[in-house]
Amino acid sequence: MFSGAGGLAIGMGNAGFRHEALLEWNKHACNTLRDNKNRDYHHARHWRVVEGDVRDFDFAKEVSGHINIVAGGPPCQPFSMGGKAQGHNDARDMFPSAIHAVDQLRPDAFIFENVKGLLRASFAEYLEYVLLRLTYPQLVKLETETVEEHLGRLERAHTGGYDGLIYRPVFRLLNSADYGVPQKRERVFIVGFRADLREEWSFPKPTHSQDALLWAKWVTGEYWDEHGFTRDERPAMSAALRKKVDKLRDRYGLFGPDTKRWRTVRDAIRGLPEPSPGVDFWASHRIMNHEYRGGAMSYPGHTGSEIDEPSKALKAGAHGVPGGENMIRYPDGSVRYYTVRESARIQTFPDDYHITGVWGEAMRQLGNAVPVGLAEAVASSVQKQLARSKQLAFS
């Protein structure tokens, strides 16, 4: 549901799930999904792309057989730090539609993703409401009820006992960089299993860390060696950074952190030629979406992403126009816009996946996308739990 450019769908596919349908209303995102299906991208070969309002989709008629999982990223604008933050008063709040799908399909599990803003104190009551609605999806809101009255009925069911369909949702704020995505992008994931399955599950542990990146840069030097820097070419360490590195040495001793290092912008774009005005990299190198975009400027609040750090979170921007943060910042202080392909790599989309539309529209799709690597980390953990449960059931 709310498939967008397909980041969550690809991550789910990488985890071993096969899609029954991809639901999306935005025509440009649907063009991307269909284009990759037509290009025979391996996960997209059997995609059934349904363009339209999810509220008009008849799950009873359109979906047959048992559905293992419902997944999606309900539109985040109602909770976004950069939006109007109207929550359930925003017409774009699609959590009710996500919950309706769970009610109709009764999947083994669900995965929903949203922005960090959902955890604001001002949304605490609404988050409780969403979690209780996901716990008891068949306790639908009556036309005569307010949200507050419905919340009270859900709370009474939760404390007094309930015999209908029940899920056990948990949520956590995850940083994409901690799971190998070259981007510091924080997102809330809500995962739930059907209660009768009695699954014991927790979010996967981080696999990457900032400490490991600092260690690779300033203790072993492996990071600079990987990218072909001589000792003289490496940046100088500031006094503040030196103190931080000294603390790392005290904490880890000789062997360093046991995680992989955070991936940086330089890691992400490695192997891509530097974009140049007027150069067609599809014709010359068979690289899709790698067109130069001029006009990048650094100004307060929009300074770009340091090339030797994970990228700042890509932004879709107001009215579809990406903000100034969608830029690389080089050590000399110069900046340039990411190409669409570089942005796709930062979101861990594969190179053979095409993002359709002009630069601004393609960047909007990527700015709204779930990072493929983060989606895969969560989905793989859920898939393994469901697979173990099935093995136990038949053993």
# chains A, B, ... in the order shown; residues from 1 in each chain; ligands from 1

$ select_by_dssp --residues "region 17-211 of chain A" --states "strand (DSSP E)" --output "ChimeraX atom specification"
/A:22-24,49-51,69-72,109-115,167-175,183-184,186-194,208-209

$ select_by_dssp --residues "region 155-369 of chain A" --states "helix (DSSP H, G or I)" --output "ChimeraX atom specification"
/A:155-160,176-179,195-197,210-218,222-226,231-233,239-252,265-269,281-285,318-320,340-346,359-368

$ write_last_selection --atoms "C-alpha atoms" --output "PDB file, in the first residue's frame"
ATOM      1  CA  GLU A 155      -9.139   1.408  25.653  1.00  0.00           C
ATOM      2  CA  ARG A 156     -12.030  -0.374  27.333  1.00  0.00           C
ATOM      3  CA  ALA A 157     -11.600  -3.350  25.009  1.00  0.00           C
ATOM      4  CA  HIS A 158      -7.876  -3.354  25.703  1.00  0.00           C
ATOM      5  CA  THR A 159      -8.278  -3.368  29.492  1.00  0.00           C
ATOM      6  CA  GLY A 160     -11.407  -5.482  29.727  1.00  0.00           C
ATOM      7  CA  SER A 176      18.716   4.070   8.172  1.00  0.00           C
ATOM      8  CA  ALA A 177      22.475   4.604   8.565  1.00  0.00           C
ATOM      9  CA  ASP A 178      22.520   1.925  11.277  1.00  0.00           C
ATOM     10  CA  TYR A 179      21.425  -0.639   8.666  1.00  0.00           C
ATOM     11  CA  ALA A 195      -1.966 -12.574  18.279  1.00  0.00           C
ATOM     12  CA  ASP A 196      -3.083 -16.176  17.704  1.00  0.00           C
ATOM     13  CA  LEU A 197       0.276 -16.926  16.031  1.00  0.00           C
ATOM     14  CA  GLN A 210      29.161   5.878  13.517  1.00  0.00           C
ATOM     15  CA  ASP A 211      31.848   4.616  15.888  1.00  0.00           C
ATOM     16  CA  ALA A 212      32.990   2.120  13.262  1.00  0.00           C
ATOM     17  CA  LEU A 213      33.182   4.878  10.633  1.00  0.00           C
ATOM     18  CA  LEU A 214      35.263   7.076  12.939  1.00  0.00           C
ATOM     19  CA  TRP A 215      37.505   4.080  13.681  1.00  0.00           C
ATOM     20  CA  ALA A 216      37.978   3.348   9.967  1.00  0.00           C
ATOM     21  CA  LYS A 217      38.828   6.982   9.254  1.00  0.00           C
ATOM     22  CA  TRP A 218      40.992   8.049  12.165  1.00  0.00           C
ATOM     23  CA  GLU A 222      41.006   1.990   6.127  1.00  0.00           C
ATOM     24  CA  TYR A 223      38.316   4.363   4.878  1.00  0.00           C
ATOM     25  CA  TRP A 224      40.811   6.673   3.178  1.00  0.00           C
ATOM     26  CA  ASP A 225      42.817   3.736   1.837  1.00  0.00           C
ATOM     27  CA  GLU A 226      39.668   2.258   0.235  1.00  0.00           C
ATOM     28  CA  ARG A 231      48.304  10.143   3.941  1.00  0.00           C
ATOM     29  CA  ASP A 232      49.011  13.669   2.740  1.00  0.00           C
ATOM     30  CA  GLU A 233      45.593  13.874   1.088  1.00  0.00           C
ATOM     31  CA  ALA A 239      41.021  19.135  18.256  1.00  0.00           C
ATOM     32  CA  ALA A 240      37.396  18.172  19.026  1.00  0.00           C
ATOM     33  CA  LEU A 241      37.579  15.176  16.703  1.00  0.00           C
ATOM     34  CA  ARG A 242      40.879  14.081  18.232  1.00  0.00           C
ATOM     35  CA  LYS A 243      39.248  14.002  21.690  1.00  0.00           C
ATOM     36  CA  LYS A 244      36.421  11.888  20.309  1.00  0.00           C
ATOM     37  CA  VAL A 245      38.876   9.458  18.689  1.00  0.00           C
ATOM     38  CA  ASP A 246      40.870   9.187  21.929  1.00  0.00           C
ATOM     39  CA  LYS A 247      37.656   8.207  23.720  1.00  0.00           C
ATOM     40  CA  LEU A 248      37.020   5.575  21.044  1.00  0.00           C
ATOM     41  CA  ARG A 249      40.468   4.080  21.629  1.00  0.00           C
ATOM     42  CA  ASP A 250      39.775   3.925  25.358  1.00  0.00           C
ATOM     43  CA  ARG A 251      36.382   2.293  24.786  1.00  0.00           C
ATOM     44  CA  TYR A 252      37.360  -0.341  22.211  1.00  0.00           C
ATOM     45  CA  VAL A 265      28.067   9.639   0.253  1.00  0.00           C
ATOM     46  CA  ARG A 266      31.483   8.843  -1.231  1.00  0.00           C
ATOM     47  CA  ASP A 267      30.824   5.134  -0.683  1.00  0.00           C
ATOM     48  CA  ALA A 268      27.384   5.437  -2.296  1.00  0.00           C
ATOM     49  CA  ILE A 269      28.483   7.178  -5.498  1.00  0.00           C
ATOM     50  CA  PHE A 281      25.694   8.998 -19.513  1.00  0.00           C
ATOM     51  CA  TRP A 282      23.018   6.580 -20.718  1.00  0.00           C
ATOM     52  CA  ALA A 283      24.421   6.742 -24.239  1.00  0.00           C
ATOM     53  CA  SER A 284      28.082   6.668 -23.177  1.00  0.00           C
ATOM     54  CA  HIS A 285      28.056   4.450 -20.060  1.00  0.00           C
ATOM     55  CA  ALA A 318       7.293  21.608  -0.923  1.00  0.00           C
ATOM     56  CA  HIS A 319       5.178  21.342  -4.053  1.00  0.00           C
ATOM     57  CA  GLY A 320       7.486  18.643  -5.393  1.00  0.00           C
ATOM     58  CA  VAL A 340      18.791  11.184  -9.684  1.00  0.00           C
ATOM     59  CA  ARG A 341      21.027   8.101  -9.882  1.00  0.00           C
ATOM     60  CA  GLU A 342      23.178   9.297  -6.982  1.00  0.00           C
ATOM     61  CA  SER A 343      20.022   9.937  -4.948  1.00  0.00           C
ATOM     62  CA  ALA A 344      18.760   6.473  -5.849  1.00  0.00           C
ATOM     63  CA  ARG A 345      22.017   4.982  -4.578  1.00  0.00           C
ATOM     64  CA  ILE A 346      21.699   6.976  -1.356  1.00  0.00           C
ATOM     65  CA  TRP A 359      14.677  15.760 -12.273  1.00  0.00           C
ATOM     66  CA  GLY A 360      12.341  17.502  -9.811  1.00  0.00           C
ATOM     67  CA  GLU A 361       9.647  14.836 -10.055  1.00  0.00           C
ATOM     68  CA  ALA A 362      12.125  11.957  -9.833  1.00  0.00           C
ATOM     69  CA  MET A 363      13.749  13.560  -6.776  1.00  0.00           C
ATOM     70  CA  ARG A 364      10.315  14.003  -5.191  1.00  0.00           C
ATOM     71  CA  GLN A 365       9.675  10.281  -5.593  1.00  0.00           C
ATOM     72  CA  LEU A 366      13.034   9.427  -4.054  1.00  0.00           C
ATOM     73  CA  GLY A 367      12.572  11.944  -1.241  1.00  0.00           C
ATOM     74  CA  ASN A 368       9.325  10.203  -0.294  1.00  0.00           C
TER      75      ASN A 368
END

$ residues_around --residues "region 4-17 of chain A" --least-positions-apart "3" --cutoff "7 Å" --atoms "only C-alpha atoms" --output "NGL selection string"
:A and (24 or 29 or 32-33 or 43 or 349 or 365-366 or 369-373 or 375-376 or 379-380 or 383)

$ write_last_selection --atoms "N, CA and C atoms" --output "PDB file, in the first residue's frame"
ATOM      1  N   GLU A  24      -1.140   2.511  -5.345  1.00  0.00           N
ATOM      2  CA  GLU A  24      -0.547   3.849  -5.350  1.00  0.00           C
ATOM      3  C   GLU A  24      -1.427   4.781  -6.165  1.00  0.00           C
ATOM      4  N   ALA A  29       4.570   8.131  -9.695  1.00  0.00           N
ATOM      5  CA  ALA A  29       5.102   6.950  -9.025  1.00  0.00           C
ATOM      6  C   ALA A  29       4.627   5.683  -9.727  1.00  0.00           C
ATOM      7  N   THR A  32       6.693   4.987 -12.668  1.00  0.00           N
ATOM      8  CA  THR A  32       7.961   4.352 -12.297  1.00  0.00           C
ATOM      9  C   THR A  32       7.774   2.853 -12.065  1.00  0.00           C
ATOM     10  N   LEU A  33       6.723   2.499 -11.326  1.00  0.00           N
ATOM     11  CA  LEU A  33       6.473   1.073 -11.046  1.00  0.00           C
ATOM     12  C   LEU A  33       6.219   0.302 -12.326  1.00  0.00           C
ATOM     13  N   HIS A  43      12.256  -8.026  -9.636  1.00  0.00           N
ATOM     14  CA  HIS A  43      11.168  -8.033  -8.651  1.00  0.00           C
ATOM     15  C   HIS A  43       9.867  -7.520  -9.247  1.00  0.00           C
ATOM     16  N   PHE A 349      18.442   2.109  -3.870  1.00  0.00           N
ATOM     17  CA  PHE A 349      17.799   1.490  -5.029  1.00  0.00           C
ATOM     18  C   PHE A 349      18.879   0.888  -5.924  1.00  0.00           C
ATOM     19  N   GLN A 365       9.970  11.690  -5.854  1.00  0.00           N
ATOM     20  CA  GLN A 365       9.675  10.281  -5.593  1.00  0.00           C
ATOM     21  C   GLN A 365      10.709   9.669  -4.661  1.00  0.00           C
ATOM     22  N   LEU A 366      11.986   9.990  -4.897  1.00  0.00           N
ATOM     23  CA  LEU A 366      13.034   9.427  -4.054  1.00  0.00           C
ATOM     24  C   LEU A 366      13.000  10.021  -2.654  1.00  0.00           C
ATOM     25  N   ALA A 369      10.548   8.117  -0.639  1.00  0.00           N
ATOM     26  CA  ALA A 369      10.687   6.658  -0.641  1.00  0.00           C
ATOM     27  C   ALA A 369      11.221   6.112   0.679  1.00  0.00           C
ATOM     28  N   VAL A 370      10.916   4.852   0.936  1.00  0.00           N
ATOM     29  CA  VAL A 370      11.534   4.098   2.023  1.00  0.00           C
ATOM     30  C   VAL A 370      12.874   3.575   1.503  1.00  0.00           C
ATOM     31  N   PRO A 371      13.987   3.775   2.213  1.00  0.00           N
ATOM     32  CA  PRO A 371      15.253   3.210   1.751  1.00  0.00           C
ATOM     33  C   PRO A 371      15.149   1.694   1.591  1.00  0.00           C
ATOM     34  N   VAL A 372      15.575   1.200   0.447  1.00  0.00           N
ATOM     35  CA  VAL A 372      15.450  -0.233   0.163  1.00  0.00           C
ATOM     36  C   VAL A 372      16.163  -1.065   1.229  1.00  0.00           C
ATOM     37  N   GLY A 373      17.370  -0.650   1.610  1.00  0.00           N
ATOM     38  CA  GLY A 373      18.143  -1.431   2.577  1.00  0.00           C
ATOM     39  C   GLY A 373      17.485  -1.517   3.940  1.00  0.00           C
ATOM     40  N   ALA A 375      14.183  -1.157   4.501  1.00  0.00           N
ATOM     41  CA  ALA A 375      12.995  -1.989   4.305  1.00  0.00           C
ATOM     42  C   ALA A 375      13.362  -3.470   4.315  1.00  0.00           C
ATOM     43  N   GLU A 376      14.449  -3.812   3.645  1.00  0.00           N
ATOM     44  CA  GLU A 376      14.876  -5.212   3.581  1.00  0.00           C
ATOM     45  C   GLU A 376      15.285  -5.737   4.959  1.00  0.00           C
ATOM     46  N   ALA A 379      11.975  -6.271   6.894  1.00  0.00           N
ATOM     47  CA  ALA A 379      11.165  -7.314   6.257  1.00  0.00           C
ATOM     48  C   ALA A 379      11.821  -8.685   6.366  1.00  0.00           C
ATOM     49  N   SER A 380      13.143  -8.758   6.247  1.00  0.00           N
ATOM     50  CA  SER A 380      13.838 -10.048   6.367  1.00  0.00           C
ATOM     51  C   SER A 380      13.666 -10.637   7.755  1.00  0.00           C
ATOM     52  N   GLN A 383      10.141 -11.935   7.872  1.00  0.00           N
ATOM     53  CA  GLN A 383      10.015 -13.129   7.018  1.00  0.00           C
ATOM     54  C   GLN A 383      10.626 -14.352   7.707  1.00  0.00           C
TER      55      GLN A 383
END

$ atom_distance --atom1 "CA of Ile190 (chain A)" --atom2 "CA of Phe110 (chain A)"
7.9 Å

$ closest_residue --among "A:Glu148, A:Glu113, A:Asp308, A:Glu128" --to "Phe189 (chain A)" --atoms "only C-alpha atoms"
A:Glu113

$ closest_residue --among "A:Arg194, A:Arg106, A:Arg261, A:Lys116" --to "Gly180 (chain A)" --atoms "only C-alpha atoms"
A:Arg261

$ closest_residue --among "A:Pro331, A:Ile69, A:Lys184, A:Lys27" --to "Gly52 (chain A)" --atoms "only C-alpha atoms"
A:Lys27

$ residues_around --residues "Ser305 (chain A)" --least-positions-apart "4" --cutoff "8 Å" --atoms "only C-alpha atoms" --output "list in words"
Val265, Glu309, Pro310, Ser311, Lys312, Glu325, Asn326, Met327, Ile328 and Arg329 of chain A

$ closest_residue --among "A:Val335, A:Val115, A:Ala121, A:Val102" --to "Pro74 (chain A)" --atoms "only C-alpha atoms"
A:Val115

$ atom_distance --atom1 "CA of Thr356 (chain A)" --atom2 "CA of Arg187 (chain A)"
24.7 Å

$ atom_distance --atom1 "CA of Thr339 (chain A)" --atom2 "CA of Gly117 (chain A)"
27.5 Å

$ closest_residue --among "A:Ile287, A:Ala387, A:Leu119, A:Leu139" --to "Ile99 (chain A)" --atoms "only C-alpha atoms"
A:Leu139
